[in-house]
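Pasted below: input04.tsv, TSV, C-alpha atoms.
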```tsv
chain	number	residue	atom	x	y	z
A	1	MET	CA	0.00	0.00	0.00
A	2	GLY	CA	1.79	3.10	-1.24
A	3	LEU	CA	1.32	6.67	-0.19
A	4	PHE	CA	-0.10	7.74	-3.55
A	5	ASP	CA	-2.27	4.68	-4.31
A	6	PHE	CA	-5.38	6.89	-4.27
A	7	LEU	CA	-4.06	8.43	-7.51
A	8	THR	CA	-4.27	5.08	-9.34
A	9	LEU	CA	-7.54	3.49	-10.38
A	10	GLU	CA	-7.29	-0.26	-11.06
A	11	ILE	CA	-9.93	-1.69	-13.37
A	12	ALA	CA	-10.50	-4.86	-15.38
A	13	ILE	CA	-12.25	-4.69	-18.75
A	14	ASP	CA	-13.87	-7.52	-20.67
A	15	LEU	CA	-14.33	-6.17	-24.19
A	16	GLY	CA	-17.06	-8.35	-25.61
A	17	THR	CA	-18.73	-8.40	-29.00
A	18	ALA	CA	-22.15	-8.03	-27.37
A	19	ASN	CA	-21.41	-6.48	-23.95
A	20	THR	CA	-18.49	-4.77	-22.24
A	21	LEU	CA	-17.90	-5.26	-18.52
A	22	ILE	CA	-15.76	-3.12	-16.24
A	23	ILE	CA	-14.82	-4.53	-12.86
A	24	MET	CA	-13.41	-2.42	-10.03
A	25	ASN	CA	-12.80	-3.56	-6.43
A	26	ASP	CA	-14.21	-7.05	-7.22
A	27	LYS	CA	-17.54	-5.60	-8.34
A	28	VAL	CA	-19.03	-5.17	-11.80
A	29	VAL	CA	-19.46	-1.41	-12.06
A	30	VAL	CA	-20.32	-1.18	-15.78
A	31	ASP	CA	-22.26	-3.76	-17.81
A	32	GLU	CA	-23.24	-2.10	-21.08
A	33	PRO	CA	-23.82	-3.22	-24.67
A	34	SER	CA	-20.78	-2.70	-26.92
A	35	ILE	CA	-22.37	-0.12	-29.21
A	36	VAL	CA	-21.72	3.54	-30.01
A	37	ALA	CA	-24.04	6.11	-31.64
A	38	LYS	CA	-22.22	8.80	-33.65
A	39	ASP	CA	-23.19	11.94	-35.52
A	40	ILE	CA	-22.07	11.33	-39.12
A	41	GLN	CA	-21.36	14.99	-39.90
A	42	THR	CA	-19.21	15.83	-36.86
A	43	GLY	CA	-17.99	12.37	-35.87
A	44	LYS	CA	-18.98	13.20	-32.28
A	45	VAL	CA	-20.26	10.40	-30.04
A	46	VAL	CA	-23.93	10.91	-29.21
A	47	ALA	CA	-24.47	7.88	-26.95
A	48	ILE	CA	-22.74	4.78	-25.64
A	49	GLY	CA	-24.05	1.48	-24.29
A	50	LYS	CA	-27.73	1.04	-23.40
A	51	VAL	CA	-28.74	4.46	-24.71
A	52	ALA	CA	-27.01	3.79	-28.05
A	53	GLN	CA	-28.65	0.36	-28.24
A	54	GLN	CA	-32.08	1.94	-27.77
A	55	MET	CA	-31.25	4.27	-30.67
A	56	HIS	CA	-30.20	1.38	-32.97
A	57	GLY	CA	-32.46	1.29	-36.03
A	58	LYS	CA	-34.57	4.21	-34.80
A	59	THR	CA	-32.39	7.20	-35.66
A	60	HIS	CA	-32.43	9.63	-38.56
A	61	LYS	CA	-29.85	9.40	-41.33
A	62	LEU	CA	-27.33	11.72	-39.62
A	63	ILE	CA	-26.81	9.39	-36.64
A	64	GLU	CA	-25.38	5.91	-37.08
A	65	THR	CA	-24.92	3.15	-34.54
A	66	ILE	CA	-21.65	1.23	-34.66
A	67	ARG	CA	-20.54	-2.00	-33.03
A	68	PRO	CA	-16.78	-1.41	-32.73
A	69	LEU	CA	-15.97	-5.04	-31.85
A	70	LYS	CA	-16.31	-7.97	-34.22
A	71	ASP	CA	-15.59	-11.56	-33.12
A	72	GLY	CA	-14.12	-10.29	-29.86
A	73	VAL	CA	-11.55	-7.98	-31.47
A	74	ILE	CA	-11.56	-4.32	-32.43
A	75	ALA	CA	-13.00	-3.68	-35.89
A	76	ASP	CA	-13.35	0.13	-35.60
A	77	PHE	CA	-10.38	1.54	-33.68
A	78	GLU	CA	-11.70	5.09	-33.17
A	79	SER	CA	-15.17	4.00	-32.03
A	80	ALA	CA	-13.69	1.40	-29.67
A	81	GLU	CA	-11.48	4.04	-28.09
A	82	GLN	CA	-14.44	6.39	-27.63
A	83	MET	CA	-16.54	3.56	-26.21
A	84	ILE	CA	-13.84	2.64	-23.66
A	85	ARG	CA	-13.37	6.29	-22.71
A	86	GLY	CA	-17.14	6.77	-22.28
A	87	MET	CA	-17.54	3.66	-20.15
A	88	ILE	CA	-14.63	4.69	-17.93
A	89	LYS	CA	-16.36	8.06	-17.43
A	90	MET	CA	-19.37	6.12	-16.12
A	91	ILE	CA	-17.29	4.96	-13.14
A	92	THR	CA	-15.23	8.12	-12.61
A	93	SER	CA	-18.14	10.53	-12.61
A	94	LYS	CA	-17.10	12.14	-9.33
A	95	ARG	CA	-15.42	15.51	-9.75
A	96	ARG	CA	-11.83	15.23	-8.60
A	97	LEU	CA	-9.13	17.81	-8.37
A	98	ILE	CA	-6.65	15.36	-9.85
A	99	SER	CA	-7.85	12.63	-12.20
A	100	PRO	CA	-6.38	9.23	-11.25
A	101	SER	CA	-4.05	7.32	-13.55
A	102	LEU	CA	-5.56	4.10	-14.84
A	103	ARG	CA	-4.12	0.62	-14.53
A	104	MET	CA	-6.12	-1.76	-16.75
A	105	VAL	CA	-6.33	-5.50	-17.21
A	106	ILE	CA	-8.10	-6.31	-20.49
A	107	CYS	CA	-9.38	-9.73	-21.53
A	108	ILE	CA	-8.50	-10.72	-25.09
A	109	PRO	CA	-9.46	-13.76	-27.19
A	110	SER	CA	-6.85	-16.54	-27.24
A	111	GLY	CA	-6.64	-16.56	-31.05
A	112	ILE	CA	-5.87	-12.85	-31.36
A	113	THR	CA	-3.11	-11.65	-33.72
A	114	GLU	CA	-0.30	-9.28	-32.76
A	115	VAL	CA	-1.91	-6.48	-34.80
A	116	GLU	CA	-5.21	-6.95	-32.97
A	117	LYS	CA	-3.36	-7.00	-29.61
A	118	ARG	CA	-1.70	-3.73	-30.53
A	119	ALA	CA	-5.10	-2.22	-31.41
A	120	VAL	CA	-6.47	-3.18	-27.98
A	121	ARG	CA	-3.41	-1.76	-26.20
A	122	ASP	CA	-3.49	1.47	-28.25
A	123	SER	CA	-7.23	1.95	-27.64
A	124	ALA	CA	-6.75	1.54	-23.89
A	125	GLU	CA	-3.78	3.92	-23.83
A	126	HIS	CA	-5.63	6.55	-25.87
A	127	ALA	CA	-8.57	6.19	-23.47
A	128	GLY	CA	-6.26	7.18	-20.61
A	129	ALA	CA	-4.55	4.01	-19.34
A	130	LYS	CA	-1.01	4.42	-17.99
A	131	GLU	CA	-0.48	0.67	-17.62
A	132	VAL	CA	-2.21	-1.99	-19.74
A	133	TYR	CA	-2.05	-5.73	-19.03
A	134	MET	CA	-3.71	-8.26	-21.32
A	135	ILE	CA	-4.91	-11.72	-20.33
A	136	HIS	CA	-6.51	-14.38	-22.52
A	137	GLU	CA	-10.23	-14.83	-21.82
A	138	PRO	CA	-10.08	-18.57	-20.95
A	139	MET	CA	-7.23	-17.88	-18.49
A	140	ALA	CA	-9.22	-15.05	-16.88
A	141	ALA	CA	-12.26	-17.34	-16.62
A	142	ALA	CA	-10.17	-20.09	-14.97
A	143	ILE	CA	-8.68	-17.67	-12.43
A	144	GLY	CA	-12.13	-16.16	-11.84
A	145	ILE	CA	-13.66	-19.49	-10.83
A	146	GLY	CA	-10.75	-20.33	-8.56
A	147	ILE	CA	-8.82	-22.93	-10.57
A	148	ASP	CA	-5.13	-23.20	-9.70
A	149	VAL	CA	-3.76	-22.55	-13.19
A	150	GLU	CA	-0.16	-23.27	-12.09
A	151	GLU	CA	-0.71	-26.95	-11.22
A	152	PRO	CA	0.50	-29.64	-13.66
A	153	MET	CA	-3.01	-30.93	-14.30
A	154	GLY	CA	-5.05	-29.94	-17.34
A	155	ASN	CA	-8.37	-28.14	-16.91
A	156	MET	CA	-10.77	-27.53	-19.77
A	157	ILE	CA	-12.40	-24.10	-19.80
A	158	ILE	CA	-15.34	-23.19	-22.02
A	159	ASP	CA	-15.89	-19.43	-22.31
A	160	ILE	CA	-19.24	-18.72	-23.95
A	161	GLY	CA	-19.70	-15.11	-24.99
A	162	GLY	CA	-22.22	-13.12	-26.98
A	163	GLY	CA	-20.14	-13.06	-30.16
A	164	THR	CA	-17.52	-15.76	-29.71
A	165	SER	CA	-17.00	-18.89	-27.66
A	166	GLU	CA	-13.63	-20.35	-26.73
A	167	ILE	CA	-12.54	-23.73	-25.44
A	168	ALA	CA	-9.08	-24.05	-23.91
A	169	VAL	CA	-7.09	-26.56	-21.89
A	170	ILE	CA	-5.04	-24.81	-19.22
A	171	ALA	CA	-2.07	-26.31	-17.35
A	172	LEU	CA	1.20	-25.03	-15.83
A	173	GLY	CA	0.14	-21.38	-16.09
A	174	GLY	CA	-0.60	-21.37	-19.80
A	175	ILE	CA	-3.03	-22.41	-22.50
A	176	VAL	CA	-2.06	-25.86	-23.81
A	177	CYS	CA	-4.54	-25.87	-26.67
```
Encoding of this model in structure tokens:
Amino acid sequence: MGLFDFLTLEIAIDLGTANTLIIMNDKVVVDEPSIVAKDIQTGKVVAIGKVAQQMHGKTHKLIETIRPLKDGVIADFESAEQMIRGMIKMITSKRRLISPSLRMVICIPSGITEVEKRAVRDSAEHAGAKEVYMIHEPMAAAIGIGIDVEEPMGNMIIDIGGGTSEIAVIALGGIVC
């Protein structure tokens, strides 16, 4: 426990194709659909999450709704960044003299490419993260349910999401297959 720990906000983000979750202090603080509504002329974000989902298919031609994630990875970099930034604002709504630095853990699909990893890292950094750690979704699920991932015994994890599902065998601190 450091003297300036109050200046760092630690959050975990599960960027999902259907929903995005933000966890802080072992509690889900944001559970919103992964959708952004933008003004076509200005490029300005009009709504994020549930409000944007309510607008989907019901807006005039100058507002479009975008799903920035496809198959668990970022398809629209700019919209994903704005979505992450907007969802972080949902949890840091209190007015503070000094805004805290962000330390993020982000869940990523196990079959992600290096380019897609870089897009996730860049989006998080542009949204205000000072430190970004990435963990594969099946590994996060195994740790979340209390499996000792370091033991030399294989455990099969099935991670069923809204857009993708993953099956992994985890042993000795890594994904075997």
Need to verify the contact set: segment 45-56 of chain A, 6 Å, all atoms listed in the file, exclusion of same-chain residues closer than 4 positions in sequence. Can you return it as a list in words?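 Using all atoms listed in the file, the neighbours found are Glu32, Pro33, Ser34, Ile35, Val36, Ala37, Lys38 and Thr65 of chain A.
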How would you write as a ChimeraX atom specification the residues that get within 12 Å of (-21.8, -9.8, -29.5) in the file's frame, counting only C-alpha atoms? /A:15-20,32-35,67-74,160-165
Please save C-alpha atoms of the selected residues as an mmCIF file, in the frame of the given file.
```cif
data_model
loop_
_atom_site.group_PDB
_atom_site.id
_atom_site.type_symbol
_atom_site.label_atom_id
_atom_site.label_comp_id
_atom_site.auth_asym_id
_atom_site.auth_seq_id
_atom_site.Cartn_x
_atom_site.Cartn_y
_atom_site.Cartn_z
ATOM 1 C CA LEU A 15 -14.330 -6.170 -24.190
ATOM 2 C CA GLY A 16 -17.060 -8.350 -25.610
ATOM 3 C CA THR A 17 -18.730 -8.400 -29.000
ATOM 4 C CA ALA A 18 -22.150 -8.030 -27.370
ATOM 5 C CA ASN A 19 -21.410 -6.480 -23.950
ATOM 6 C CA THR A 20 -18.490 -4.770 -22.240
ATOM 7 C CA GLU A 32 -23.240 -2.100 -21.080
ATOM 8 C CA PRO A 33 -23.820 -3.220 -24.670
ATOM 9 C CA SER A 34 -20.780 -2.700 -26.920
ATOM 10 C CA ILE A 35 -22.370 -0.120 -29.210
ATOM 11 C CA ARG A 67 -20.540 -2.000 -33.030
ATOM 12 C CA PRO A 68 -16.780 -1.410 -32.730
ATOM 13 C CA LEU A 69 -15.970 -5.040 -31.850
ATOM 14 C CA LYS A 70 -16.310 -7.970 -34.220
ATOM 15 C CA ASP A 71 -15.590 -11.560 -33.120
ATOM 16 C CA GLY A 72 -14.120 -10.290 -29.860
ATOM 17 C CA VAL A 73 -11.550 -7.980 -31.470
ATOM 18 C CA ILE A 74 -11.560 -4.320 -32.430
ATOM 19 C CA ILE A 160 -19.240 -18.720 -23.950
ATOM 20 C CA GLY A 161 -19.700 -15.110 -24.990
ATOM 21 C CA GLY A 162 -22.220 -13.120 -26.980
ATOM 22 C CA GLY A 163 -20.140 -13.060 -30.160
ATOM 23 C CA THR A 164 -17.520 -15.760 -29.710
ATOM 24 C CA SER A 165 -17.000 -18.890 -27.660
#
```
Between atom CA of Asp39 of chain A and atom CA of Gly86 of chain A, distance in Å (one decimal): 15.4 Å
Distance query Ser123 of chain A at most 12 Å, all atoms listed in the file, self and fewer than 2 positions along chain excluded, as a PyMOL selection string: chain A and resi 15+68-69+73-85+104+106+116-121+125-130+132
Polymer residues at most 7 Å from Gly173 of chain A, only C-alpha atoms, same-chain spacing of 2 or more positions, as a VMD selection string: chain A and resid 149 to 150 170 to 171
Selection: 8 Å around segment 135-140 of chain A, only C-alpha atoms, excl. self and same-chain fewer than 4 positions, as a PyMOL selection string: chain A and resi 105-110+144+149+157-159+166-168+170+174-175
Would you mind reading off the distance between atom CA of Met134 of chain A and atom CA of Asp122 of chain A, one decimal, in Å? 11.9 Å
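Minimum atom-to-atom distance to Tyr133 of chain A, evaluated using only C-alpha atoms, belongs to A:Leu102 out of A:Val115, A:Leu62, A:Leu102, A:Val176.
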Please indicate the distance in Å from atom CA of Asn25 of chain A to atom CA of Ile88 of chain A, rounded to one decimal place. 14.3 Å
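The closest residue to Gly154 of chain A, picked from A:Met24, A:Ala141, A:Val169, A:Ala124 and counting all atoms listed in the file, is A:Val169.
Compared by their closest atoms to Asp31 of chain A, and using all atoms listed in the file, the residues A:Ser99, A:Gly43, A:Met90, A:Lys58 rank with A:Met90 nearest.
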